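**Q** Got a file for you: protein-v5.txt, compact mmCIF, C-alpha atoms.
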# COMPACT_ATOMS: atom_id res chain seq x y z
CA MET S 1 141.93 75.89 58.06
CA PHE S 2 140.63 78.34 55.47
CA PHE S 3 137.85 80.96 55.85
CA SER S 4 136.01 82.76 53.11
CA LYS S 5 136.41 86.47 52.79
CA SER S 6 132.78 87.05 53.82
CA THR S 7 133.21 84.93 56.96
CA LEU S 8 136.27 86.89 58.04
CA LEU S 9 134.53 90.22 57.42
CA SER S 10 131.54 89.11 59.49
CA ALA S 11 133.78 88.07 62.37
CA VAL S 12 135.64 91.38 62.27
CA ALA S 13 132.37 93.30 62.28
CA MET S 14 131.09 91.37 65.30
CA LEU S 15 134.29 92.01 67.21
CA ALA S 16 134.12 95.68 66.37
CA MET S 17 130.60 95.94 67.74
CA SER S 18 131.42 94.04 70.93
CA PRO S 19 132.87 96.16 73.79
CA PRO S 20 136.11 94.95 75.38
CA HIS S 21 135.62 92.52 78.30
CA THR S 22 137.17 94.96 80.74
CA THR S 23 134.46 97.52 80.13
CA GLY S 24 131.55 95.28 79.16
CA HIS S 25 129.67 95.60 82.44
CA MET S 26 130.08 97.01 85.94
CA ILE S 27 131.94 95.69 89.00
CA MET S 28 131.35 96.82 92.59
CA LYS S 29 134.58 98.35 93.92
CA GLU S 30 133.24 99.47 97.30
CA PRO S 31 132.32 97.86 99.61
CA ILE S 32 135.10 95.37 98.92
CA PRO S 33 133.48 92.26 97.41
CA PHE S 34 134.12 88.58 97.92
CA GLY S 35 136.68 86.70 95.82
CA GLU S 36 137.27 87.29 92.12
CA GLN S 37 134.45 89.41 90.71
CA THR S 38 133.01 89.11 87.22
CA LYS S 39 131.26 91.86 85.30
CA ASN S 40 128.40 89.76 84.05
CA PRO S 41 124.84 90.14 85.27
CA LEU S 42 123.09 87.25 87.01
CA ALA S 43 122.06 84.37 84.77
CA GLU S 44 118.47 84.66 83.59
CA ASN S 45 117.72 81.12 84.80
CA GLY S 46 118.83 82.10 88.32
CA ALA S 47 121.55 79.44 88.47
CA ASP S 48 124.12 81.83 89.99
CA PHE S 49 121.74 83.62 92.39
CA PRO S 50 122.73 84.97 94.82
CA CYS S 51 126.11 86.72 94.49
CA LYS S 52 126.87 85.16 91.06
CA GLY S 53 127.77 81.87 92.71
CA ILE S 54 131.40 82.78 93.40
CA PRO S 55 133.37 81.38 96.37
CA TYR S 56 132.87 83.46 99.53
CA THR S 57 136.53 84.31 99.88
CA VAL S 58 137.09 87.29 102.18
CA ASN S 59 139.60 89.58 100.47
CA SER S 60 139.14 92.30 103.08
CA MET S 61 136.50 92.69 105.79
CA ASN S 62 134.33 95.82 105.51
CA GLU S 63 133.86 97.42 108.94
CA TRP S 64 130.39 98.91 109.39
CA PRO S 65 129.84 100.80 112.66
CA VAL S 66 126.17 101.71 113.00
CA GLY S 67 125.65 105.35 112.01
CA SER S 68 128.77 105.46 109.81
CA THR S 69 128.59 106.55 106.17
CA GLN S 70 129.57 103.94 103.59
CA LYS S 71 129.41 104.21 99.81
CA LEU S 72 128.87 102.28 96.61
CA ALA S 73 131.61 102.74 93.99
CA PHE S 74 132.13 100.93 90.69
CA VAL S 75 134.57 99.91 87.98
CA GLY S 76 133.45 99.94 84.34
CA THR S 77 131.89 102.14 81.68
CA ALA S 78 128.80 100.14 80.63
CA THR S 79 126.42 102.11 82.80
CA HIS S 80 123.35 101.31 80.63
CA GLY S 81 121.74 104.72 81.13
CA GLY S 82 121.47 104.32 84.88
CA GLY S 83 118.54 102.64 86.57
CA SER S 84 117.86 101.87 90.22
CA CYS S 85 119.90 100.07 92.89
CA GLN S 86 119.51 98.66 96.39
CA VAL S 87 121.87 97.83 99.24
CA SER S 88 120.70 94.76 101.14
CA VAL S 89 122.02 92.58 103.96
CA THR S 90 121.60 88.97 105.06
CA THR S 91 122.70 87.43 108.34
CA ASP S 92 124.14 84.45 106.42
CA LYS S 93 127.93 84.54 106.00
CA GLU S 94 127.68 82.36 102.88
CA PRO S 95 124.28 83.14 101.34
CA THR S 96 122.16 80.59 99.49
CA LYS S 97 118.95 80.80 97.48
CA ALA S 98 117.06 80.42 100.77
CA SER S 99 118.77 83.42 102.41
CA LYS S 100 116.60 86.34 103.50
CA TRP S 101 117.89 89.66 102.17
CA LYS S 102 116.71 92.87 103.85
CA VAL S 103 116.97 96.31 102.22
CA ILE S 104 118.90 98.97 104.14
CA HIS S 105 118.99 101.64 101.38
CA SER S 106 117.31 102.18 97.99
CA PHE S 107 118.62 104.41 95.19
CA GLU S 108 115.68 105.10 92.91
CA GLY S 109 116.98 106.52 89.63
CA GLY S 110 120.42 107.61 88.46
CA CYS S 111 122.20 104.44 89.60
CA VAL S 112 124.88 103.56 88.61
CA ASN S 113 124.95 107.06 87.08
CA SER S 114 122.68 109.37 85.08
CA PHE S 115 124.66 109.33 81.82
CA PRO S 116 122.40 108.56 78.83
CA GLY S 117 123.63 105.26 77.47
CA ASN S 118 127.11 103.94 78.24
CA LEU S 119 130.22 105.94 79.04
CA PRO S 120 132.89 106.09 76.30
CA GLU S 121 134.80 102.82 76.33
CA ALA S 122 138.14 104.61 76.00
CA GLY S 123 137.33 106.91 78.89
CA SER S 124 137.57 106.53 82.63
CA ASP S 125 135.43 104.29 84.80
CA SER S 126 132.26 105.74 86.25
CA ASP S 127 133.29 107.94 89.16
CA THR S 128 129.79 108.36 90.59
CA THR S 129 129.50 107.14 94.18
CA PHE S 130 126.42 106.50 96.26
CA PRO S 131 126.72 107.19 100.01
CA PHE S 132 124.46 105.50 102.56
CA GLU S 133 124.36 105.24 106.33
CA VAL S 134 124.62 101.98 108.25
CA PRO S 135 121.20 101.78 110.00
CA LYS S 136 120.55 100.94 113.62
CA GLU S 137 118.35 97.99 112.63
CA LEU S 138 121.37 95.85 111.74
CA PRO S 139 122.40 93.26 114.33
CA ASN S 140 125.98 93.08 115.50
CA GLY S 141 128.34 90.54 113.97
CA GLU S 142 129.55 89.27 110.61
CA LEU S 143 126.94 89.66 107.87
CA THR S 144 126.86 89.74 104.07
CA MET S 145 125.91 92.82 102.05
CA ALA S 146 124.72 92.92 98.45
CA TRP S 147 124.48 95.58 95.76
CA THR S 148 121.72 94.94 93.20
CA TRP S 149 121.11 96.98 90.05
CA PHE S 150 118.32 97.07 87.47
CA ASN S 151 119.59 98.83 84.34
CA HIS S 152 117.72 101.55 82.45
CA ILE S 153 118.50 100.40 78.87
CA GLY S 154 119.76 97.21 77.27
CA ASN S 155 118.87 93.62 78.02
CA ARG S 156 116.51 93.07 80.92
CA GLU S 157 119.06 92.08 83.54
CA MET S 158 119.77 92.03 87.25
CA TYR S 159 123.27 92.72 88.52
CA MET S 160 124.44 91.59 91.94
CA ALA S 161 127.70 91.68 93.87
CA CYS S 162 128.26 90.70 97.50
CA GLY S 163 130.80 91.43 100.20
CA PRO S 164 131.51 90.61 103.87
CA VAL S 165 130.75 93.17 106.59
CA THR S 166 131.18 93.32 110.35
CA VAL S 167 128.56 95.45 112.11
CA SER S 168 129.28 97.06 115.48
CA GLY S 169 127.14 99.26 117.69
CA GLY S 170 124.00 97.64 116.33
CA ALA S 171 121.12 95.65 117.75
CA SER S 172 121.57 92.65 120.03
CA ASP S 173 118.81 90.75 118.21
CA THR S 174 117.23 90.63 114.75
CA LYS S 175 113.75 91.91 115.65
CA GLU S 176 114.11 95.27 113.88
CA PHE S 177 116.22 93.76 111.12
CA ASP S 178 113.53 91.19 110.31
CA ALA S 179 110.99 94.01 109.92
CA LEU S 180 112.98 95.63 107.08
CA PRO S 181 111.61 95.14 103.53
CA ASP S 182 112.78 92.27 101.36
CA MET S 183 115.28 92.87 98.56
CA ALA S 184 113.68 93.38 95.14
CA VAL S 185 114.30 90.64 92.56
CA ALA S 186 113.46 90.86 88.84
CA ASN S 187 114.50 89.62 85.36
CA ILE S 188 115.72 86.25 86.70
CA ASN S 189 114.18 82.99 87.81
CA ALA S 190 114.75 83.26 91.55
CA PRO S 191 112.68 83.33 94.75
CA GLY S 192 110.61 86.52 95.02
CA SER S 193 111.11 87.63 91.40
CA CYS S 194 108.39 90.05 90.32
CA GLY S 195 108.90 89.46 86.58
CA LYS S 196 110.46 91.59 83.85
CA THR S 197 111.35 95.27 84.15
CA PRO S 198 110.15 97.67 81.42
CA GLU S 199 113.02 99.05 79.34
CA GLY S 200 113.80 102.76 79.13
CA PHE S 201 112.93 103.78 82.68
CA ASP S 202 114.38 104.26 86.11
CA TYR S 203 112.46 102.29 88.70
CA THR S 204 110.59 102.72 91.93
CA PHE S 205 110.52 99.81 94.34
CA ALA S 206 107.32 98.40 95.82
CA ASN S 207 108.84 98.70 99.29
CA PRO S 208 112.06 100.74 99.24
CA GLY S 209 112.27 100.98 103.02
CA ASN S 210 112.82 104.01 105.23
CA TYR S 211 116.14 105.01 103.67
CA VAL S 212 115.74 106.16 100.05
CA THR S 213 117.77 108.41 97.72
CA LYS S 214 116.05 109.78 94.60
CA GLY S 215 118.17 110.44 91.51
CA GLY S 216 118.02 110.64 87.75
CA SER S 217 115.82 112.87 85.67
CA SER S 218 113.97 110.38 83.51
CA ALA S 219 110.49 108.96 83.86
CA PHE S 220 109.93 106.39 86.59
CA LYS S 221 107.94 103.20 86.51
CA PRO S 222 107.37 100.46 89.07
CA LEU S 223 110.09 97.82 88.86
CA CYS S 224 107.61 95.28 87.49
CA ALA S 225 104.30 95.95 85.77
CA ASN S 226 102.39 93.76 88.23
CA GLN S 227 103.98 95.38 91.25
CA ALA S 228 102.82 98.45 93.17
CA SER S 229 105.35 101.21 93.66
CA GLY S 230 106.19 102.50 97.11
CA GLY S 231 108.74 105.03 95.90
CA ASP S 232 106.72 107.74 94.20
CA GLY S 233 103.19 107.14 95.39
CA SER S 234 101.92 106.01 91.98
CA SER S 235 101.60 102.30 92.25
CA GLY S 236 100.44 101.33 88.80
CA ALA S 237 98.57 98.50 90.48
CA PRO S 238 94.81 98.14 90.58
CA ALA S 239 93.14 99.70 93.54
CA PRO S 240 91.96 97.33 96.21
CA PRO S 241 88.35 96.28 95.82
CA ALA S 242 85.86 98.54 97.48
CA ALA S 243 84.32 97.20 100.62
CA SER S 244 81.01 95.50 99.99
CA PRO S 245 78.12 97.56 101.30
CA VAL S 246 76.69 96.18 104.49
CA ALA S 247 73.02 95.41 104.17
CA PRO S 248 70.93 97.15 106.82
CA PRO S 249 69.41 94.81 109.35
CA THR S 250 66.08 93.41 108.29
CA ALA S 251 63.31 95.19 110.08
CA PRO S 252 60.69 92.95 111.64
CA SER S 253 57.47 92.66 109.74
CA ALA S 254 55.14 95.45 110.63
CA ALA S 255 52.22 94.35 112.71
CA PRO S 256 48.76 95.07 111.32
CA PRO S 257 47.36 98.45 112.32
CA VAL S 258 45.02 96.94 114.86
CA SER S 259 48.00 95.50 116.73
CA GLN S 260 49.20 98.86 118.06
CA ALA S 261 47.96 99.54 121.53
CA PRO S 262 47.56 103.28 122.16
CA SER S 263 48.60 105.13 125.26
CA ALA S 264 45.99 105.15 127.95
CA PRO S 265 43.01 107.12 126.64
CA SER S 266 41.83 110.17 128.55
CA SER S 267 38.44 108.54 129.08
CA ILE S 268 37.12 105.03 128.76
CA ALA S 269 34.68 105.08 125.89
CA GLN S 270 32.59 101.95 126.02
CA THR S 271 32.08 101.53 122.32
CA SER S 272 32.84 98.76 119.88
CA THR S 273 35.30 101.10 118.16
CA PHE S 274 37.50 101.36 121.26
CA ARG S 275 37.34 97.65 121.83
CA THR S 276 38.55 96.84 118.32
CA ILE S 277 41.66 99.00 118.64
CA VAL S 278 42.72 97.80 122.04
CA ILE S 279 42.88 94.15 121.21
CA VAL S 280 46.39 94.08 120.15
CA THR S 281 49.02 91.57 120.01
CA ALA S 282 50.99 90.22 122.88
CA PRO S 283 51.27 92.60 125.83
CA VAL S 284 53.97 95.28 125.69
CA ALA S 285 55.43 97.35 128.49
CA SER S 286 55.52 100.66 126.62
CA PRO S 287 53.41 100.69 123.47
CA PRO S 288 54.72 102.89 120.61
CA THR S 289 53.13 106.19 119.72
CA THR S 290 52.99 107.99 116.41
CA GLN S 291 55.50 110.69 115.44
CA GLY S 292 55.06 113.69 117.70
CA GLY S 293 54.07 111.58 120.69
CA SER S 294 50.28 111.63 120.21
CA ALA S 295 48.30 108.44 120.47
CA PRO S 296 46.82 107.03 117.26
CA THR S 297 43.31 108.16 116.54
CA PRO S 298 40.84 105.30 116.72
CA SER S 299 38.91 104.51 113.62
CA ALA S 300 35.57 106.23 113.54
CA THR S 301 33.72 103.24 112.15
CA PRO S 302 34.59 99.61 112.79
CA ALA S 303 34.85 97.21 109.90
CA PRO S 304 31.50 95.61 109.13
CA ALA S 305 31.14 92.35 110.99
CA PRO S 306 29.60 89.26 109.47
CA LYS S 307 26.04 88.41 110.37
CA PRO S 308 26.06 87.19 113.99
CA THR S 309 25.24 83.61 114.73
CA PRO S 310 22.53 82.72 117.22
CA PRO S 311 23.68 83.44 120.74
CA THR S 312 25.19 80.58 122.66
CA PRO S 313 26.08 80.37 126.31
CA LYS S 314 29.49 81.77 127.11
CA VAL S 315 31.61 78.98 128.52
CA PRO S 316 35.10 80.19 129.40
CA ALA S 317 37.80 77.99 127.94
CA PRO S 318 40.94 77.11 129.85
CA ALA S 319 44.05 79.13 129.01
CA GLY S 320 45.93 77.80 126.01
CA ASN S 321 42.79 76.16 124.49
CA SER S 322 43.29 76.68 120.76
CA THR S 323 39.62 75.91 119.94
CA GLY S 324 38.35 79.00 121.77
CA THR S 325 35.14 79.72 123.60
CA ALA S 326 31.80 80.19 121.90
CA CYS S 327 30.77 83.85 121.81
CA SER S 328 28.67 86.49 120.10
CA PRO S 329 28.44 88.95 118.54
CA ASP S 330 31.55 88.93 116.37
CA GLY S 331 33.88 91.81 117.22
CA ALA S 332 32.92 91.91 120.88
CA ILE S 333 35.57 91.63 123.61
CA VAL S 334 35.25 88.62 125.88
CA CYS S 335 36.79 88.85 129.35
CA SER S 336 37.86 86.04 131.67
CA ALA S 337 36.20 85.80 135.06
CA ASP S 338 39.23 87.22 136.88
CA GLY S 339 39.84 89.95 134.27
CA THR S 340 43.41 88.83 133.47
CA GLN S 341 42.58 87.50 130.00
CA PHE S 342 40.64 88.75 127.01
CA ALA S 343 39.68 87.69 123.51
CA VAL S 344 37.88 89.05 120.49
CA CYS S 345 34.86 87.19 119.34
CA ASN S 346 35.69 86.06 115.83
CA PHE S 347 33.27 83.93 113.83
CA GLY S 348 31.58 82.77 117.01
CA ALA S 349 34.75 81.77 118.90
CA ALA S 350 37.08 83.59 121.30
CA VAL S 351 40.63 82.48 122.22
CA LEU S 352 41.70 84.06 125.49
CA GLN S 353 45.13 85.66 125.92
CA PRO S 354 46.70 87.68 128.76
CA VAL S 355 45.97 91.39 128.97
CA ALA S 356 48.83 93.92 129.05
CA GLY S 357 50.50 94.55 132.40
CA GLY S 358 48.61 97.05 134.54
CA THR S 359 45.31 96.56 132.68
CA LYS S 360 42.20 94.51 133.34
CA CYS S 361 39.40 93.18 131.17
CA SER S 362 35.96 93.81 132.59
CA ASN S 363 32.54 94.02 131.02
CA GLY S 364 33.92 93.94 127.47
CA THR S 365 36.46 96.70 128.14
CA ILE S 366 40.23 96.73 128.67
CA ALA S 367 41.56 99.61 130.70
CA LYS S 368 44.07 100.51 133.39
CA ARG S 369 43.00 99.25 136.73
CA GLU S 370 42.69 102.65 138.42
CA ILE S 371 40.90 104.18 135.45
CA ALA S 372 38.52 101.27 135.41
CA HIS S 373 37.73 101.90 139.09
CA ARG S 374 37.04 105.59 138.48
CA ALA S 375 34.88 104.70 135.55
CA ARG S 376 32.80 102.35 137.65
CA ARG S 377 32.41 104.99 140.40
CA SER S 378 31.31 107.59 137.89
CA VAL S 379 28.69 105.24 136.52
CA VAL S 380 27.33 104.62 140.00
Represent the structure of the file as structure tokens.

**A**
Amino acid sequence: MFFSKSTLLSAVAMLAMSPPHTTGHMIMKEPIPFGEQTKNPLAENGADFPCKGIPYTVNSMNEWPVGSTQKLAFVGTATHGGGSCQVSVTTDKEPTKASKWKVIHSFEGGCVNSFPGNLPEAGSDSDTTFPFEVPKELPNGELTMAWTWFNHIGNREMYMACGPVTVSGGASDTKEFDALPDMAVANINAPGSCGKTPEGFDYTFANPGNYVTKGGSSAFKPLCANQASGGDGSSGAPAPPAASPVAPPTAPSAAPPVSQAPSAPSSIAQTSTFRTIVIVTAPVASPPTTQGGSAPTPSATPAPAPKPTPPTPKVPAPAGNSTGTACSPDGAIVCSADGTQFAVCNFGAAVLQPVAGGTKCSNGTIAKREIAHRARRSVV
């Protein structure tokens, strides 16, 4: 097989630009991972999520007593300018896409280190480690841990490596564990993915949990543009809509001025003016007064009444009769025989209605019973 000179030169150039496989990406060294690890990130289509789809072969069990300090350590030089990482746990020994991952520690910034760009390929592996404490929320037993990393520069990727752990001294149930935040997912097609991460930043997580380490010195942004940040207080998400103002309760329609019954007057003035004001609405136990507590001042002059019709005999109508009783003159108060009902003569007809409690209608006047008695005695 023969190649042209230009083809060979192009191939050599591509090889020169490509880093060696051993240093192309990063591998989790501690905790000890499952099986044979690869340095590649997760596939963008999510086919190898979670844990890069490798067999769950236990090379060495990681012992995690609650309260002990563990650490993340790595092999490789392609540190991609850092970024942000999380340590998460699932109760599944062999996780699937349906597994629930709960965050036990977040490293916001400076993970896997703070070096700008990648480390020299001919140099040593990244020696930066990331300590974290095994929290009390973890239940006892064999679980699976995961390290996830969102890189600062380069392709928009998500790295993930998993390992077996045995927790001791922890909780006897999963109540507190279930309350921990979910693991962040981005840059891949997988359950819970928030989308693509912006390049050139370290990241804050929407819900990093109670155990967070801040690192790095570069600018931070939320992991995904459509996701609020819980790490630095600046969410980048729209504020929640303001509560709709509550409309004040609709006040009842104001009754016409003549409907307000005043407090008992100091004297019973037997004039048409007094009669017009008293004929209110339905009886009330405690009629309102004007501001300051004083009773409303009666109008000095009643409204002009229409020309009276010829007088007709007053025949009391039974209660509830909507046709009314013939009366005259218009504007006069008509009392029932027993004084418990009254009406205002209006266009020659009067419709009786009950008087207010404690009052009596007599001789065209409505007044308190005792005042009415005194008034009659004074007249005599």

**Q** From the list S:Asn45, S:Thr129, S:Asn140, S:Thr79, which residue is nearest Ala186 in chain S when using all atoms listed in the file?

**A**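 Of the candidates, the smallest distance to Ala186 in chain S is held by S:Asn45.
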
**Q** Need the shell around range 346-363 of chain S: protein/DNA/RNA residues with any atom at most 6 Å away, counting all atoms listed in the file. Skip same-chain ones fewer than 6 positions apart. Format as a list in words?

**A**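 My reading of the contact set: Pro283, Gly324, Thr325, Ala326, Cys327, Ser328, Asp330, Cys335, Gly339, Thr340 and Arg369 of chain S.
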
**Q** Could you check the closest approach to Asp92 in chain S for each of S:Ser168, S:Asn210, S:Thr144, S:Asn187 and tell me which residue wins, using all atoms listed in the file?

**A**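 Of S:Ser168, S:Asn210, S:Thr144, S:Asn187, the one nearest Asp92 in chain S is S:Thr144, counting all atoms listed in the file.
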
**Q** Counting only C-alpha atoms, which residue out of S:Lys368, S:Lys221, S:Arg156, S:Lys71 sits closest to Val87 in chain S?

**A** S:Lys71

**Q** Let me make sure I understand: among S:Gly110, S:Gly82, S:Pro65, S:Pro208, which one has the smallest atom-to-atom distance to Ala171 in chain S if we use all atoms listed in the file?

**A** S:Pro65

**Q** Out of S:Asn62, S:Ser68, S:Ser99, S:Gln341, which residue has the shortest atom-to-atom distance to Glu30 in chain S when counting only C-alpha atoms?

**A**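 Closest residue, counting only C-alpha atoms: S:Asn62.
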
**Q** List as a list of chain:residue names the protein and nucleic acid residues near Lys52 in chain S, meaning an atom at most 7 Å away when only C-alpha atoms are counted, but skip any in the same chain fewer than 4 places from it.

**A**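 Listing them by chain and then by number gives S:Leu42, S:Asp48, S:Met160.
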
**Q** Using all atoms listed in the file, find the one residue out of S:Val103, S:Cys162, S:Val212, S:Ala337 that sits nearest to Phe177 in chain S.

**A**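 Of all the options, S:Val103 lies closest to Phe177 in chain S.
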
**Q** Within 8 Å of (39.5, 89.6, 119.7), in the coordinates the file gives, what residues turn up when you count only C-alpha atoms, written out as a list in words?

**A**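 Residues with an atom at most 8 Å from (39.5, 89.6, 119.7): Thr276, Ile279, Gly331, Ala332, Ile333, Val334, Phe342, Ala343, Val344, Cys345, Asn346, Ala350 and Val351 of chain S.
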
**Q** Using the file's own x, y and z axes, so that the box edges lie along x, y and z, what centre and edge lengths in Å (one decimal) does a box around every listed atom of range 329-333 of chain S get when 6 Å is added on each side? Give it as JSON.

**A**
{"center_x": 32.0, "center_y": 90.4, "center_z": 120.0, "size_x": 19.1, "size_y": 15.0, "size_z": 19.2}

**Q** Which residues are close to Pro50 in chain S, i.e. within 8 Å by only C-alpha atoms, leaving aside same-chain residues fewer than 6 positions away? Reply as number ranges by chain.

**A** S: 95-97, 160

**Q** Skip Asn155 in chain S itself and residues of its chain fewer than 3 positions away, then list as a count of residues only all residues within 12 Å of it, counting all atoms listed in the file.

**A** 20

**Q** Counting all atoms listed in the file, what is within 10 Å of range 163-167 of chain S, bar same-chain residues fewer than 4 positions away, as a PyMOL selection string?

**A** chain S and resi 28+30-35+51+56-66+89+92-94+134-136+138-147+171

**Q** Just how far from CA of Gly83 in chain S is CA of Asn226 in chain S, in Å to one decimal?

**A**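 Here the two named atoms are 18.5 Å from each other.
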